[in-house]
Amino acid sequence: QIDLGVETDTSSVSSHPLTHGMFVKVGYEDSMGLLKIIGSHNPRSKVLVHMIECTVENAKEILKNSFDELKMLNLAIVLTQDEVIYFVLYNPFSGKFLDLAFNLDNVQDNFIKMTDFINDRIINLNQYPLRVNIFEFPMTSRKEENEYGGLTKYSYVDGATLHVLSEKMNFKIVYVDSLDGVKYEAGVKIFLIKLIS
């Protein structure tokens, strides 16, 4: 029995709740099936998985697959191997893992390492390509093209804001058109950033 929380709207303009978290205990063989249930309900859920019958390498595989297939970032795995407690995290934007072996002497140091690792993966996206839906809107955004008619960037306040965000968070902008051609009403955020699939 898992409390998945409030049902979320799948619309691209609706945000999933960020505050819902859960702790689950599962075997390695059943882990992806369980995570697919959680991730399809709310990929932003904070999930701590106590994985049994699992190695650190298995945990890394699960973390990578969970991001690649389900876009689950707020996921961590704890496991025991050879009577040692391990905590495993993944940063998909750098491709790096953090696996920490805990004992009575290093708990505080390991929590500092975990905090730094988690903060770094939302501050520096290492030129990860993010899809951005932005369009021309009077006095707000303007499409800039090169001499061949190709899109180079968007200017005005929304284009400049997006450019500043990409510099500060170190991501690569991938411009995409809305599939249905819809332009959202004024007052709604002009651009939507989505992780590229």
# chains A, B, ... in the order shown; residues from 1 in each chain; ligands from 1
>>> residues_around(residues="segment 57-71 of chain A", least_positions_apart="6", cutoff="9 Å", atoms="only C-alpha atoms", output="NGL selection string")
:A and (28 or 31-32 or 35-36 or 39-40 or 43-44 or 51 or 77-79 or 88-92 or 95 or 97 or 99 or 195 or 197)
>>> select_by_dssp(residues="chain A", states="strand (DSSP E)", output="ChimeraX atom specification")
/A:21-27,46-52,75-81,84-91,96-102,128-133,142-145,151-155,171-176,192-195
>>> closest_residue(among="A:Val47, A:Cys54, A:Leu4, A:Leu73", to="Gly27 of chain A", atoms="only C-alpha atoms")
A:Cys54
>>> residues_around(residues="Thr140 of chain A", least_positions_apart="6", cutoff="8 Å", atoms="only C-alpha atoms", output="PyMOL selection string")
chain A and resi 156-158
>>> write_last_selection(atoms="N, CA and C atoms", output="short mmCIF file (atom, residue, chain, number, x, y, z; two decimals), in the first residue's frame")
data_model
loop_
_atom_site.label_atom_id
_atom_site.label_comp_id
_atom_site.auth_asym_id
_atom_site.auth_seq_id
_atom_site.Cartn_x
_atom_site.Cartn_y
_atom_site.Cartn_z
N TYR A 156 13.91 40.79 -26.03
CA TYR A 156 12.97 41.45 -25.14
C TYR A 156 13.02 40.75 -23.76
N VAL A 157 12.08 41.08 -22.90
CA VAL A 157 12.21 40.67 -21.50
C VAL A 157 12.20 39.14 -21.32
N ASP A 158 11.33 38.42 -22.03
CA ASP A 158 11.28 36.97 -21.85
C ASP A 158 12.53 36.29 -22.41
#
>>> residues_around(residues="segment 147-155 of chain A", least_positions_apart="5", cutoff="12 Å", atoms="only C-alpha atoms", output="list in words")
Val132, Asn133, Ile134, Phe135, Glu136, Phe137, Pro138, Met139, Thr140, Ser141, Arg142, Ala160, Thr161, Leu162, His163, Val164, Lys172, Ile173, Val174, Tyr175, Val176, Asp177, Ile190 and Phe191 of chain A
>>> closest_residue(among="A:Tyr128, A:Phe23, A:Phe93, A:Phe87", to="Val107 of chain A", atoms="only C-alpha atoms")
A:Phe87
>>> select_by_dssp(residues="segment 7-171 of chain A", states="helix (DSSP H, G or I)", output="JSON, numbers by chain")
{"A": [28, 29, 30, 31, 32, 33, 34, 35, 36, 37, 38, 39, 40, 41, 56, 57, 58, 59, 60, 61, 62, 63, 64, 65, 66, 67, 68, 69, 70, 107, 108, 109, 110, 111, 112, 113, 114, 115, 116, 117, 118, 119, 120, 121, 122, 123, 156, 157, 158, 159, 160, 161, 162, 163, 164, 165, 166, 167, 168, 169]}
>>> closest_residue(among="A:Ser45, A:Thr80, A:Ser166, A:Asn146", to="Asn103 of chain A", atoms="only C-alpha atoms")
A:Thr80
>>> closest_residue(among="A:Val56, A:Ile112, A:Leu98, A:Leu130", to="Ile85 of chain A", atoms="only C-alpha atoms")
A:Val56
>>> closest_residue(among="A:Met114, A:His20, A:Gly159, A:Asn106", to="Ile38 of chain A", atoms="only C-alpha atoms")
A:His20
>>> atom_distance(atom1="atom CA of Asn74 of chain A", atom2="atom CA of Gly21 of chain A")
9.1 Å
>>> atom_distance(atom1="atom CA of Thr115 of chain A", atom2="atom CA of Ser94 of chain A")
16.1 Å
>>> atom_distance(atom1="atom CA of Val24 of chain A", atom2="atom CA of Leu125 of chain A")
28.2 Å
